[in-house]
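Novice: As input, take target_39.txt (compact mmCIF, C-alpha atoms and all ligand atoms):
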```txt
# COMPACT_ATOMS: atom_id res chain seq x y z
CA MET A 1 -42.74 48.45 -25.26
CA SER A 2 -39.81 46.75 -23.54
CA ASP A 3 -38.06 50.03 -22.70
CA ASN A 4 -37.35 51.01 -19.11
CA ILE A 5 -39.53 48.59 -17.27
CA GLN A 6 -38.70 48.20 -13.60
CA PRO A 7 -38.21 44.48 -12.93
CA HIS A 8 -40.77 44.19 -10.13
CA SER A 9 -43.02 47.06 -11.07
CA LEU A 10 -46.72 46.54 -11.42
CA TYR A 11 -46.43 47.00 -15.15
CA HIS A 12 -43.72 44.37 -15.35
CA GLN A 13 -45.90 41.87 -13.50
CA ALA A 14 -48.91 42.77 -15.61
CA ARG A 15 -46.92 42.21 -18.77
CA GLU A 16 -45.69 38.80 -17.66
CA PHE A 17 -49.24 37.77 -16.88
CA ILE A 18 -50.89 39.19 -19.99
CA GLN A 19 -48.31 37.60 -22.27
CA THR A 20 -48.79 34.12 -20.82
CA CYS A 21 -52.52 34.42 -20.35
CA TYR A 22 -53.23 35.81 -23.82
CA VAL A 23 -51.07 33.24 -25.59
CA GLU A 24 -52.97 30.48 -23.74
CA LEU A 25 -56.25 32.08 -24.79
CA GLY A 26 -55.13 32.32 -28.41
CA TYR A 27 -54.70 36.07 -28.84
CA THR A 28 -52.33 37.51 -31.46
CA SER A 29 -49.25 39.54 -30.57
CA ALA A 30 -50.95 42.65 -31.94
CA GLN A 31 -53.81 42.13 -29.51
CA ILE A 32 -51.36 41.58 -26.67
CA GLU A 33 -49.53 44.79 -27.50
CA ALA A 34 -52.76 46.75 -27.63
CA ARG A 35 -53.85 45.42 -24.27
CA LEU A 36 -50.46 46.19 -22.73
CA GLN A 37 -50.52 49.75 -24.00
CA HIS A 38 -53.90 50.21 -22.41
CA ILE A 39 -52.70 48.73 -19.11
CA ARG A 40 -49.61 50.93 -19.15
CA ALA A 41 -51.68 54.07 -19.57
CA GLU A 42 -54.09 52.95 -16.85
CA ILE A 43 -51.21 52.34 -14.43
CA ASN A 44 -49.66 55.72 -15.23
CA GLN A 45 -52.95 57.42 -14.53
CA HIS A 46 -54.31 55.48 -11.56
CA GLY A 47 -51.38 53.54 -10.14
CA THR A 48 -53.23 50.30 -10.85
CA TYR A 49 -55.19 48.55 -13.58
CA GLU A 50 -58.35 46.49 -13.82
CA HIS A 51 -58.54 42.95 -15.16
CA THR A 52 -61.08 42.14 -17.83
CA THR A 53 -63.52 39.39 -16.88
CA GLU A 54 -61.62 36.99 -19.10
CA GLU A 55 -58.29 37.84 -17.48
CA LEU A 56 -59.81 37.41 -14.04
CA ILE A 57 -61.23 34.00 -14.92
CA HIS A 58 -58.15 32.65 -16.59
CA GLY A 59 -55.84 34.26 -14.02
CA ALA A 60 -57.65 32.52 -11.16
CA LYS A 61 -57.42 29.20 -13.00
CA MET A 62 -53.69 29.73 -13.54
CA ALA A 63 -53.29 30.47 -9.82
CA TRP A 64 -54.83 27.08 -9.03
CA ARG A 65 -52.65 25.42 -11.66
CA ASN A 66 -49.60 26.97 -9.98
CA SER A 67 -50.56 25.88 -6.45
CA ASN A 68 -47.63 23.63 -5.70
CA ARG A 69 -49.19 22.07 -2.63
CA CYS A 70 -52.42 21.02 -4.31
CA ILE A 71 -52.83 17.43 -5.47
CA GLY A 72 -56.18 18.22 -7.13
CA ARG A 73 -54.93 20.45 -9.94
CA LEU A 74 -56.09 18.21 -12.79
CA PHE A 75 -59.34 20.14 -12.65
CA TRP A 76 -57.84 23.66 -12.74
CA ASP A 77 -59.59 24.56 -15.97
CA ARG A 78 -63.00 23.72 -14.50
CA LEU A 79 -62.84 26.35 -11.77
CA GLN A 80 -66.07 28.32 -11.50
CA VAL A 81 -65.08 31.97 -11.14
CA ARG A 82 -67.52 34.42 -9.57
CA ASP A 83 -66.75 38.07 -10.14
CA ALA A 84 -67.75 40.04 -7.04
CA ARG A 85 -65.35 42.95 -7.56
CA HIS A 86 -68.15 45.50 -7.63
CA LEU A 87 -69.37 44.85 -4.07
CA THR A 88 -68.57 47.33 -1.30
CA ASP A 89 -71.53 46.99 1.06
CA SER A 90 -70.86 44.51 3.87
CA ASN A 91 -74.33 42.97 3.65
CA ASP A 92 -73.87 42.31 -0.04
CA ILE A 93 -70.49 40.75 0.66
CA PHE A 94 -72.00 38.45 3.32
CA GLN A 95 -74.80 37.46 0.93
CA GLN A 96 -72.22 36.64 -1.70
CA LEU A 97 -70.32 34.42 0.77
CA LEU A 98 -73.54 32.57 1.60
CA HIS A 99 -74.23 32.10 -2.10
CA HIS A 100 -70.74 30.75 -2.59
CA ILE A 101 -71.34 28.15 0.12
CA THR A 102 -74.67 27.06 -1.38
CA ASP A 103 -73.68 27.07 -5.05
CA ALA A 104 -70.29 25.45 -4.54
CA THR A 105 -71.74 22.74 -2.29
CA ASN A 106 -74.44 22.12 -4.89
CA ASN A 107 -76.26 19.61 -2.67
CA GLY A 108 -73.12 17.53 -2.43
CA ARG A 109 -71.96 17.55 -6.06
CA ILE A 110 -69.28 20.05 -5.17
CA ILE A 111 -68.23 22.59 -7.80
CA PRO A 112 -64.71 24.02 -7.49
CA THR A 113 -65.49 27.71 -7.09
CA ILE A 114 -63.78 31.00 -6.33
CA THR A 115 -65.47 34.29 -5.48
CA ILE A 116 -63.23 37.26 -6.18
CA PHE A 117 -63.89 40.49 -4.33
CA ARG A 118 -62.32 43.87 -5.02
CA PRO A 119 -58.52 43.93 -5.01
CA GLU A 120 -56.15 46.22 -3.19
CA ARG A 121 -56.04 49.66 -4.81
CA PRO A 122 -53.86 52.66 -3.99
CA GLY A 123 -55.52 54.84 -1.39
CA GLU A 124 -58.29 52.31 -0.70
CA GLU A 125 -58.55 50.11 2.34
CA PRO A 126 -58.56 46.39 1.70
CA LEU A 127 -61.37 43.91 2.32
CA LEU A 128 -60.42 40.88 4.40
CA ILE A 129 -62.28 37.73 5.36
CA LYS A 130 -61.13 36.83 8.86
CA ASN A 131 -62.23 33.18 8.75
CA HIS A 132 -59.61 30.62 7.76
CA GLN A 133 -62.36 28.71 5.92
CA LEU A 134 -65.91 29.94 5.37
CA ILE A 135 -67.12 26.82 7.15
CA ARG A 136 -65.22 25.72 10.23
CA TYR A 137 -65.89 24.47 13.71
CA ALA A 138 -65.21 26.57 16.79
CA GLY A 139 -62.67 25.54 19.40
CA TYR A 140 -62.62 26.23 23.13
CA GLU A 141 -59.93 25.63 25.72
CA SER A 142 -61.33 24.34 28.99
CA PRO A 143 -59.64 23.12 32.19
CA ASP A 144 -60.25 19.52 31.14
CA GLY A 145 -59.08 19.83 27.56
CA TYR A 146 -60.41 21.20 24.34
CA VAL A 147 -63.96 21.36 23.10
CA GLY A 148 -64.27 21.50 19.32
CA ASP A 149 -61.41 22.19 16.97
CA PRO A 150 -58.22 23.29 18.76
CA ALA A 151 -57.07 24.93 15.52
CA SER A 152 -59.93 27.43 15.86
CA VAL A 153 -59.29 28.57 19.44
CA ALA A 154 -57.78 31.98 18.64
CA PHE A 155 -60.38 32.88 15.99
CA THR A 156 -63.20 31.60 18.21
CA LYS A 157 -62.04 33.99 20.95
CA GLN A 158 -62.22 36.88 18.49
CA CYS A 159 -65.74 35.85 17.49
CA LEU A 160 -66.86 35.68 21.12
CA GLN A 161 -65.42 39.15 21.66
CA LEU A 162 -67.45 40.41 18.73
CA GLY A 163 -70.59 39.16 20.47
CA TRP A 164 -71.08 35.80 18.77
CA GLN A 165 -72.23 33.02 21.06
CA GLY A 166 -71.27 29.41 20.65
CA ASP A 167 -73.13 26.39 22.00
CA LEU A 168 -69.90 24.91 23.34
CA THR A 169 -70.31 21.69 21.38
CA ASP A 170 -67.52 19.98 19.44
CA TYR A 171 -69.07 21.12 16.17
CA ASP A 172 -70.26 24.73 16.56
CA ILE A 173 -70.22 26.48 13.21
CA LEU A 174 -68.25 29.70 13.37
CA PRO A 175 -69.78 32.94 12.10
CA LEU A 176 -68.60 34.74 8.96
CA VAL A 177 -66.35 37.68 9.83
CA ILE A 178 -65.14 40.37 7.45
CA LYS A 179 -63.15 43.54 7.91
CA GLN A 180 -63.20 46.53 5.61
CA GLY A 181 -60.13 48.69 6.06
CA SER A 182 -59.91 50.34 9.47
CA HIS A 183 -63.59 49.71 10.24
CA PRO A 184 -64.25 47.27 13.06
CA PRO A 185 -64.83 43.67 11.99
CA GLU A 186 -68.42 42.77 11.07
CA TRP A 187 -70.01 39.35 11.41
CA ILE A 188 -73.11 37.31 10.68
CA PRO A 189 -74.00 33.88 12.03
CA LEU A 190 -73.66 31.01 9.57
CA PRO A 191 -76.86 29.02 10.02
CA ARG A 192 -76.51 25.24 10.15
CA SER A 193 -79.16 25.03 7.41
CA LYS A 194 -76.62 26.57 4.99
CA VAL A 195 -73.97 23.99 5.80
CA MET A 196 -73.93 20.45 4.46
CA GLU A 197 -72.50 18.17 7.12
CA ILE A 198 -71.80 14.46 7.02
CA PRO A 199 -72.28 12.29 10.11
CA LEU A 200 -69.60 9.61 10.01
CA GLU A 201 -70.49 5.94 9.97
CA HIS A 202 -68.50 2.78 9.27
CA PRO A 203 -69.91 0.09 6.96
CA ASP A 204 -68.71 -2.74 9.23
CA TRP A 205 -69.12 -1.30 12.73
CA ALA A 206 -72.55 0.03 13.59
CA ALA A 207 -71.19 1.43 16.86
CA PHE A 208 -68.91 3.78 14.93
CA ALA A 209 -71.84 6.12 14.33
CA ASP A 210 -72.26 6.47 18.11
CA LEU A 211 -68.92 8.27 18.30
CA GLY A 212 -70.83 11.23 16.88
CA LEU A 213 -68.05 12.24 14.51
CA ARG A 214 -68.95 14.54 11.66
CA TRP A 215 -67.40 16.95 9.19
CA TYR A 216 -68.64 19.50 6.68
CA ALA A 217 -68.78 18.82 2.95
CA THR A 218 -67.02 21.84 1.48
CA PRO A 219 -63.56 23.19 2.38
CA ILE A 220 -63.53 26.89 1.37
CA ILE A 221 -60.19 28.55 2.12
CA SER A 222 -60.85 32.23 2.78
CA ASP A 223 -57.70 33.73 4.30
CA MET A 224 -55.34 33.59 1.34
CA LEU A 225 -54.37 36.29 -1.10
CA LEU A 226 -54.81 35.76 -4.83
CA GLU A 227 -52.21 37.54 -6.94
CA ILE A 228 -52.76 37.93 -10.69
CA GLY A 229 -50.45 40.08 -12.80
CA GLY A 230 -49.35 42.13 -9.80
CA ILE A 231 -52.92 42.81 -8.63
CA ARG A 232 -53.59 41.50 -5.12
CA TYR A 233 -57.05 40.16 -4.38
CA THR A 234 -57.15 40.14 -0.58
CA ALA A 235 -60.53 38.42 -0.40
CA ALA A 236 -60.98 35.52 -2.79
CA PRO A 237 -62.39 32.44 -1.05
CA PHE A 238 -62.02 29.23 -3.07
CA ASN A 239 -62.92 25.58 -2.75
CA GLY A 240 -62.51 22.17 -4.24
CA TRP A 241 -63.79 18.97 -2.69
CA TYR A 242 -62.09 17.06 0.09
CA MET A 243 -59.52 14.34 -0.23
CA GLY A 244 -60.54 11.88 2.49
CA THR A 245 -57.22 11.96 4.34
CA GLU A 246 -57.56 15.68 5.07
CA ILE A 247 -60.39 14.77 7.39
CA GLY A 248 -59.57 11.19 8.40
CA ALA A 249 -55.81 11.49 8.80
CA ARG A 250 -55.49 15.12 9.92
CA ASN A 251 -58.55 17.03 11.13
CA LEU A 252 -59.99 14.18 13.18
CA ALA A 253 -56.74 12.29 13.81
CA ASP A 254 -53.99 14.78 14.66
CA LYS A 255 -53.23 14.93 18.37
CA GLU A 256 -53.48 18.70 18.23
CA ARG A 257 -56.82 18.56 16.40
CA TYR A 258 -59.74 16.24 17.27
CA ASN A 259 -57.40 13.43 18.38
CA LYS A 260 -59.89 10.62 17.73
CA LEU A 261 -57.54 7.69 17.09
CA PRO A 262 -57.61 6.40 20.70
CA LEU A 263 -61.41 6.46 20.61
CA VAL A 264 -61.59 4.60 17.29
CA ALA A 265 -59.02 2.05 18.49
CA LYS A 266 -61.07 1.43 21.60
CA LEU A 267 -64.19 0.88 19.53
CA MET A 268 -62.25 -1.60 17.39
CA GLY A 269 -61.08 -3.41 20.51
CA LEU A 270 -57.41 -2.88 19.67
CA ASP A 271 -54.60 -3.37 22.14
CA THR A 272 -53.33 0.15 22.79
CA THR A 273 -50.82 -0.79 25.48
CA SER A 274 -47.96 -0.99 23.01
CA GLU A 275 -47.13 1.06 19.93
CA SER A 276 -46.00 -2.10 18.17
CA THR A 277 -49.56 -3.39 17.89
CA LEU A 278 -49.89 -0.60 15.27
CA TRP A 279 -53.22 0.38 16.80
CA ARG A 280 -52.79 3.94 15.57
CA ASP A 281 -52.25 2.81 11.99
CA ARG A 282 -55.14 0.35 12.09
CA ALA A 283 -57.49 2.90 13.61
CA LEU A 284 -56.33 5.46 11.05
CA VAL A 285 -57.21 3.24 8.10
CA GLU A 286 -60.68 2.46 9.45
CA LEU A 287 -61.34 6.12 10.25
CA ASN A 288 -60.37 7.06 6.70
CA TYR A 289 -62.51 4.26 5.34
CA ALA A 290 -65.44 5.62 7.36
CA VAL A 291 -64.90 9.15 5.99
CA LEU A 292 -64.92 8.00 2.35
CA HIS A 293 -67.86 5.69 2.93
CA SER A 294 -69.94 8.32 4.74
CA TYR A 295 -69.35 11.10 2.20
CA LYS A 296 -70.29 8.75 -0.62
CA ALA A 297 -73.39 7.56 1.22
CA ALA A 298 -74.41 11.19 1.79
CA GLY A 299 -73.85 12.09 -1.86
CA ALA A 300 -71.01 14.49 -1.08
CA SER A 301 -68.04 14.68 -3.45
CA ILE A 302 -64.82 13.28 -2.01
CA VAL A 303 -61.71 11.65 -3.44
CA ASP A 304 -59.50 8.96 -1.91
CA HIS A 305 -55.76 9.57 -1.94
CA HIS A 306 -54.95 6.82 -4.46
CA THR A 307 -57.39 8.22 -7.01
CA ALA A 308 -56.19 11.76 -6.30
CA ALA A 309 -52.56 10.72 -6.85
CA HIS A 310 -53.56 9.07 -10.12
CA GLN A 311 -55.35 12.25 -11.19
CA PHE A 312 -52.26 14.23 -10.29
CA GLY A 313 -50.30 11.96 -12.64
CA LEU A 314 -52.73 12.89 -15.44
CA PHE A 315 -52.23 16.56 -14.58
CA GLU A 316 -48.46 16.06 -14.88
CA GLN A 317 -48.97 14.56 -18.35
CA HIS A 318 -51.26 17.37 -19.46
CA GLU A 319 -48.77 19.98 -18.33
CA GLN A 320 -45.98 18.22 -20.18
CA ARG A 321 -48.07 18.14 -23.33
CA ALA A 322 -48.80 21.85 -22.95
CA GLU A 323 -45.04 22.39 -22.58
CA ARG A 324 -45.41 23.97 -19.20
CA GLU A 325 -42.96 23.11 -16.49
CA LEU A 326 -44.70 21.44 -13.56
CA THR A 327 -44.02 22.83 -10.10
CA GLY A 328 -44.93 21.10 -6.86
CA ASP A 329 -44.23 20.84 -3.14
CA TRP A 330 -43.46 17.17 -2.50
CA SER A 331 -43.95 17.39 1.26
CA TRP A 332 -47.53 18.57 0.74
CA LEU A 333 -48.39 16.50 -2.32
CA ILE A 334 -47.76 13.13 -0.68
CA PRO A 335 -50.84 11.96 1.22
CA PRO A 336 -50.52 11.44 4.99
CA VAL A 337 -51.73 7.83 4.69
CA SER A 338 -49.62 5.23 2.85
CA PRO A 339 -47.64 7.85 0.91
CA ALA A 340 -45.23 5.33 -0.60
CA THR A 341 -48.11 3.51 -2.31
CA THR A 342 -48.58 6.56 -4.58
CA PRO A 343 -46.28 7.47 -7.49
CA ILE A 344 -45.84 10.99 -6.06
CA PHE A 345 -43.71 9.63 -3.21
CA HIS A 346 -41.13 8.28 -5.64
CA LYS A 347 -40.63 11.51 -7.57
CA SER A 348 -39.29 14.96 -6.86
CA TYR A 349 -40.80 18.30 -7.80
CA ASN A 350 -39.56 21.82 -8.45
CA ASN A 351 -41.08 24.00 -5.75
CA GLU A 352 -40.60 27.31 -7.56
CA ILE A 353 -43.49 29.74 -7.03
CA LYS A 354 -45.03 30.89 -10.30
CA SER A 355 -47.48 33.74 -10.77
CA PRO A 356 -50.50 33.94 -10.66
CA ASN A 357 -50.73 32.19 -7.31
CA PHE A 358 -52.29 32.06 -3.87
CA TYR A 359 -50.27 33.32 -0.91
CA TYR A 360 -50.65 33.49 2.83
CA ARG A 361 -51.56 37.04 3.76
CA ASP A 362 -48.76 38.91 5.50
CA ALA A 363 -49.07 40.64 8.85
CA SER A 364 -49.78 43.99 7.18
CA LEU A 365 -53.17 42.55 6.23
CA SER A 366 -54.76 41.60 9.52
N1 LIG B 1 -56.90 20.69 4.61
C1 LIG B 1 -57.96 21.62 4.78
C2 LIG B 1 -59.04 20.99 5.67
O1 LIG B 1 -58.90 19.87 6.03
C3 LIG B 1 -58.58 22.04 3.47
C4 LIG B 1 -57.62 22.52 2.41
C5 LIG B 1 -58.20 22.54 1.01
N2 LIG B 1 -58.59 21.21 0.61
C6 LIG B 1 -59.17 20.90 -0.56
N3 LIG B 1 -59.48 19.66 -0.77
N4 LIG B 1 -59.45 21.81 -1.46
O2 LIG B 1 -60.04 21.58 5.99
```
Do you think you could lay out the structure here as structure tokens?
Specialist:
Amino acid sequence: MSDNIQPHSLYHQAREFIQTCYVELGYTSAQIEARLQHIRAEINQHGTYEHTTEELIHGAKMAWRNSNRCIGRLFWDRLQVRDARHLTDSNDIFQQLLHHITDATNNGRIIPTITIFRPERPGEEPLLIKNHQLIRYAGYESPDGYVGDPASVAFTKQCLQLGWQGDLTDYDILPLVIKQGSHPPEWIPLPRSKVMEIPLEHPDWAAFADLGLRWYATPIISDMLLEIGGIRYTAAPFNGWYMGTEIGARNLADKERYNKLPLVAKLMGLDTTSESTLWRDRALVELNYAVLHSYKAAGASIVDHHTAAHQFGLFEQHEQRAERELTGDWSWLIPPVSPATTPIFHKSYNNEIKSPNFYYRDASLS
């Protein structure tokens, strides 16, 4: 079987994947050879091959396990994989996305979930989800600053062009937008009733609630490409639960996002006339405390960065025991708050990209 295989050919990639995947699943070498022969014939005939359900499920889990930037990988084997490869009708695809949101959110007890739609195939036009995340807030540029999430401005413009109308609040929920091949993009509104949101409050400052800050429960990345054994799934939205700092130290805190630290500092009565009062740092900690507190109070899954870093340490141990080399991207793994208090900060990681994995889509897929 090893004769004349082009190093980067589809068959070569399939073989790499099947060998690893099937050994992990406990198949014999005879079974692996049989499967590879079948795949080889399929590729010769159709220029592609189809994953079995088992390959799809384990391949998606491996892609999470190989996601160097993710601190939450301890739970890779618990990924809920939804096979939606058979869907071609846009309405069915939208329904499936809505089901993903509801089932994964699970009334707050978030279930790490991926929905995998049909992959790229020769001669077929790909399916793309245009949203960065299935749930995200719109952003508008106005003469006196931004309304909503500045990170969403470009996509929000596209949605408005498609005929969607926003309410121009700081927390308008963007519609779901998909594109099938060269057809024009299609969209449906995402009703607020389908989205679990958490109003932020602080256990010590009642006035914090009056700031009107909020965020959604479930981060569902929808613009990445999942590659398994050389097959490219161009639409495969996936989610875990939030680590508090993603919201409290980035989405709501970054100057180019919601930029709320000055507001929180004011509420706390901090002296903001000099950087050396550390008002930013103090406001940051309280904002992050409010995020964790509010999600817990609302019954929405969330993890603090110390616990997440500890869980990552367990993942490192598990991988070692399984005799797999751990890969990671240090600059993403360290949390944005108090990084040096976590063990991750004091280590280094090999940032090699292993397959299966998730990738940013290239410009050819837009
Ligand atoms: N950082 C992104 C956000 O704040 C979400 C990325 C995925 N995060 C996760 N916990 N699975 O919306």
Novice: I'd like a table as CSV: residues in chain A with an atom no more than 10 Å from ligand LIG 1 (chain B), each row giving the shortest atom pair and its distance in Å to one decimal, only C-alpha atoms and all ligand atoms counted, sorted by chain and rising residue number.
Specialist:
```
residue,atom,partner,partner_atom,distance
A:Arg69,CA,B:LIG1,C5,9.7
A:Cys70,CA,B:LIG1,N4,7.6
A:Ile71,CA,B:LIG1,N3,8.4
A:Gly72,CA,B:LIG1,N3,7.3
A:Arg73,CA,B:LIG1,N4,9.7
A:Pro112,CA,B:LIG1,N4,8.3
A:His132,CA,B:LIG1,O2,9.2
A:Gln133,CA,B:LIG1,O2,7.5
A:Ile135,CA,B:LIG1,O2,8.9
A:Arg136,CA,B:LIG1,O2,7.9
A:Trp215,CA,B:LIG1,O2,9.3
A:Tyr216,CA,B:LIG1,O2,8.9
A:Ala217,CA,B:LIG1,O2,9.7
A:Thr218,CA,B:LIG1,N4,8.1
A:Pro219,CA,B:LIG1,C3,5.2
A:Ile220,CA,B:LIG1,C5,6.9
A:Ile221,CA,B:LIG1,C5,6.4
A:Phe238,CA,B:LIG1,N4,8.0
A:Asn239,CA,B:LIG1,N4,5.3
A:Gly240,CA,B:LIG1,N4,4.1
A:Trp241,CA,B:LIG1,N3,4.8
A:Tyr242,CA,B:LIG1,N3,3.8
A:Met243,CA,B:LIG1,N3,5.3
A:Gly244,CA,B:LIG1,N3,8.5
A:Thr245,CA,B:LIG1,O1,8.3
A:Glu246,CA,B:LIG1,O1,4.5
A:Ile247,CA,B:LIG1,O1,5.5
A:Gly248,CA,B:LIG1,O1,9.0
A:Ala249,CA,B:LIG1,O1,9.4
A:Arg250,CA,B:LIG1,O1,7.0
A:Asn251,CA,B:LIG1,O1,5.8
A:Leu252,CA,B:LIG1,O1,9.2
A:Ile302,CA,B:LIG1,N3,8.4
A:Val303,CA,B:LIG1,N3,8.7
```
Novice: Determine, counting all atoms listed in the file, which protein, DNA and RNA residues have an atom within 12 Å of an atom of Ser222 of chain A; residues of the same chain fewer than 2 positions away are not included. Present the result as a PyMOL selection string.
Specialist: chain A and resi 97+100-101+113-117+127-136+176-178+219-220+224-226+233-239+358-361
Novice: Please report the interatomic distance between atom CA of Tyr295 of chain A and atom CA of Thr102 of chain A in Å with one decimal.
Specialist: 17.2 Å
Novice: Would you compute the distance between atom CA of Leu267 of chain A and atom CA of Gly108 of chain A? Give it in Å to one decimal.
Specialist: 29.0 Å
Novice: Report, in Å with one decimal, the straight-line distance from atom CA of Ser331 of chain A to atom CA of Ser348 of chain A.
Specialist: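 So the two atoms, atom CA of Ser331 of chain A and atom CA of Ser348 of chain A, lie 9.7 Å apart.
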Novice: Using all atoms listed in the file, which residues sit within 10 Å of segment 162-168 of chain A once same-chain residues fewer than 6 positions away are excluded, as a PyMOL selection string?
Specialist: chain A and resi 138-140+147-148+156+174-175+177+184-189
Novice: Have a look at A:Leu25, A:Gln180, A:Gln158, A:Ala253 and name the one nearest to Ile93 of chain A; count all atoms listed in the file.
Specialist: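 Closest to Ile93 of chain A of all the choices is A:Gln180.
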Novice: Determine, counting only C-alpha atoms, which protein, DNA and RNA residues have an atom within 10 Å of an atom of Glu54 of chain A; residues of the same chain fewer than 3 positions away are not included. Present the result as a ChimeraX atom specification.
Specialist: /A:21-22,25,51,57-60
Novice: Determine the nearest neighbour of Ala209 of chain A from the options A:Ser182, A:Leu287, A:Thr169, A:Pro7, counting all atoms listed in the file.
Specialist: A:Leu287
Novice: Which is closer to Pro126 of chain A than all the others in A:Gln317, A:Thr88, A:Ala30, A:Phe155, using only C-alpha atoms?
Specialist: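 Going through A:Gln317, A:Thr88, A:Ala30, A:Phe155 one by one, the smallest distance to Pro126 of chain A is for A:Thr88.
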Novice: Compare A:Asp77, A:Asp223, A:Glu50, A:Asp210 by their minimum atom-to-atom distance to Glu24 of chain A, counting all atoms listed in the file, and give me the closest one.
Specialist: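 So, comparing all the options, the nearest one is A:Asp77.
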Novice: Would you mind putting N, CA and C atoms back on segment 282-296 of chain A and writing the result as a PDB file, in the coordinates of the input?
Specialist:
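rebuild23.pdb, freshly written:
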```pdb
ATOM      1  N   ARG A 282     -53.921   1.103  12.408  1.00  0.00           N
ATOM      2  CA  ARG A 282     -55.140   0.350  12.090  1.00  0.00           C
ATOM      3  C   ARG A 282     -56.379   1.217  12.294  1.00  0.00           C
ATOM      4  N   ALA A 283     -56.358   1.993  13.369  1.00  0.00           N
ATOM      5  CA  ALA A 283     -57.490   2.900  13.610  1.00  0.00           C
ATOM      6  C   ALA A 283     -57.568   3.958  12.504  1.00  0.00           C
ATOM      7  N   LEU A 284     -56.401   4.426  12.093  1.00  0.00           N
ATOM      8  CA  LEU A 284     -56.330   5.460  11.050  1.00  0.00           C
ATOM      9  C   LEU A 284     -56.969   4.970   9.754  1.00  0.00           C
ATOM     10  N   VAL A 285     -56.658   3.765   9.352  1.00  0.00           N
ATOM     11  CA  VAL A 285     -57.210   3.240   8.100  1.00  0.00           C
ATOM     12  C   VAL A 285     -58.723   3.132   8.203  1.00  0.00           C
ATOM     13  N   GLU A 286     -59.229   2.629   9.328  1.00  0.00           N
ATOM     14  CA  GLU A 286     -60.680   2.460   9.450  1.00  0.00           C
ATOM     15  C   GLU A 286     -61.391   3.815   9.533  1.00  0.00           C
ATOM     16  N   LEU A 287     -60.756   4.773  10.191  1.00  0.00           N
ATOM     17  CA  LEU A 287     -61.340   6.120  10.250  1.00  0.00           C
ATOM     18  C   LEU A 287     -61.420   6.724   8.843  1.00  0.00           C
ATOM     19  N   ASN A 288     -60.372   6.536   8.082  1.00  0.00           N
ATOM     20  CA  ASN A 288     -60.370   7.060   6.700  1.00  0.00           C
ATOM     21  C   ASN A 288     -61.372   6.331   5.818  1.00  0.00           C
ATOM     22  N   TYR A 289     -61.516   5.045   6.064  1.00  0.00           N
ATOM     23  CA  TYR A 289     -62.510   4.260   5.340  1.00  0.00           C
ATOM     24  C   TYR A 289     -63.908   4.787   5.664  1.00  0.00           C
ATOM     25  N   ALA A 290     -64.127   5.098   6.933  1.00  0.00           N
ATOM     26  CA  ALA A 290     -65.440   5.620   7.360  1.00  0.00           C
ATOM     27  C   ALA A 290     -65.724   6.970   6.709  1.00  0.00           C
ATOM     28  N   VAL A 291     -64.704   7.825   6.617  1.00  0.00           N
ATOM     29  CA  VAL A 291     -64.900   9.150   5.990  1.00  0.00           C
ATOM     30  C   VAL A 291     -65.340   8.975   4.541  1.00  0.00           C
ATOM     31  N   LEU A 292     -64.592   8.180   3.784  1.00  0.00           N
ATOM     32  CA  LEU A 292     -64.920   8.000   2.350  1.00  0.00           C
ATOM     33  C   LEU A 292     -66.299   7.383   2.192  1.00  0.00           C
ATOM     34  N   HIS A 293     -66.567   6.362   2.990  1.00  0.00           N
ATOM     35  CA  HIS A 293     -67.860   5.690   2.930  1.00  0.00           C
ATOM     36  C   HIS A 293     -69.008   6.656   3.239  1.00  0.00           C
ATOM     37  N   SER A 294     -68.841   7.450   4.295  1.00  0.00           N
ATOM     38  CA  SER A 294     -69.940   8.320   4.740  1.00  0.00           C
ATOM     39  C   SER A 294     -70.213   9.435   3.733  1.00  0.00           C
ATOM     40  N   TYR A 295     -69.154  10.033   3.190  1.00  0.00           N
ATOM     41  CA  TYR A 295     -69.350  11.100   2.200  1.00  0.00           C
ATOM     42  C   TYR A 295     -70.061  10.527   0.973  1.00  0.00           C
ATOM     43  N   LYS A 296     -69.630   9.357   0.543  1.00  0.00           N
ATOM     44  CA  LYS A 296     -70.290   8.750  -0.620  1.00  0.00           C
ATOM     45  C   LYS A 296     -71.743   8.466  -0.321  1.00  0.00           C
TER      46      LYS A 296
END
```
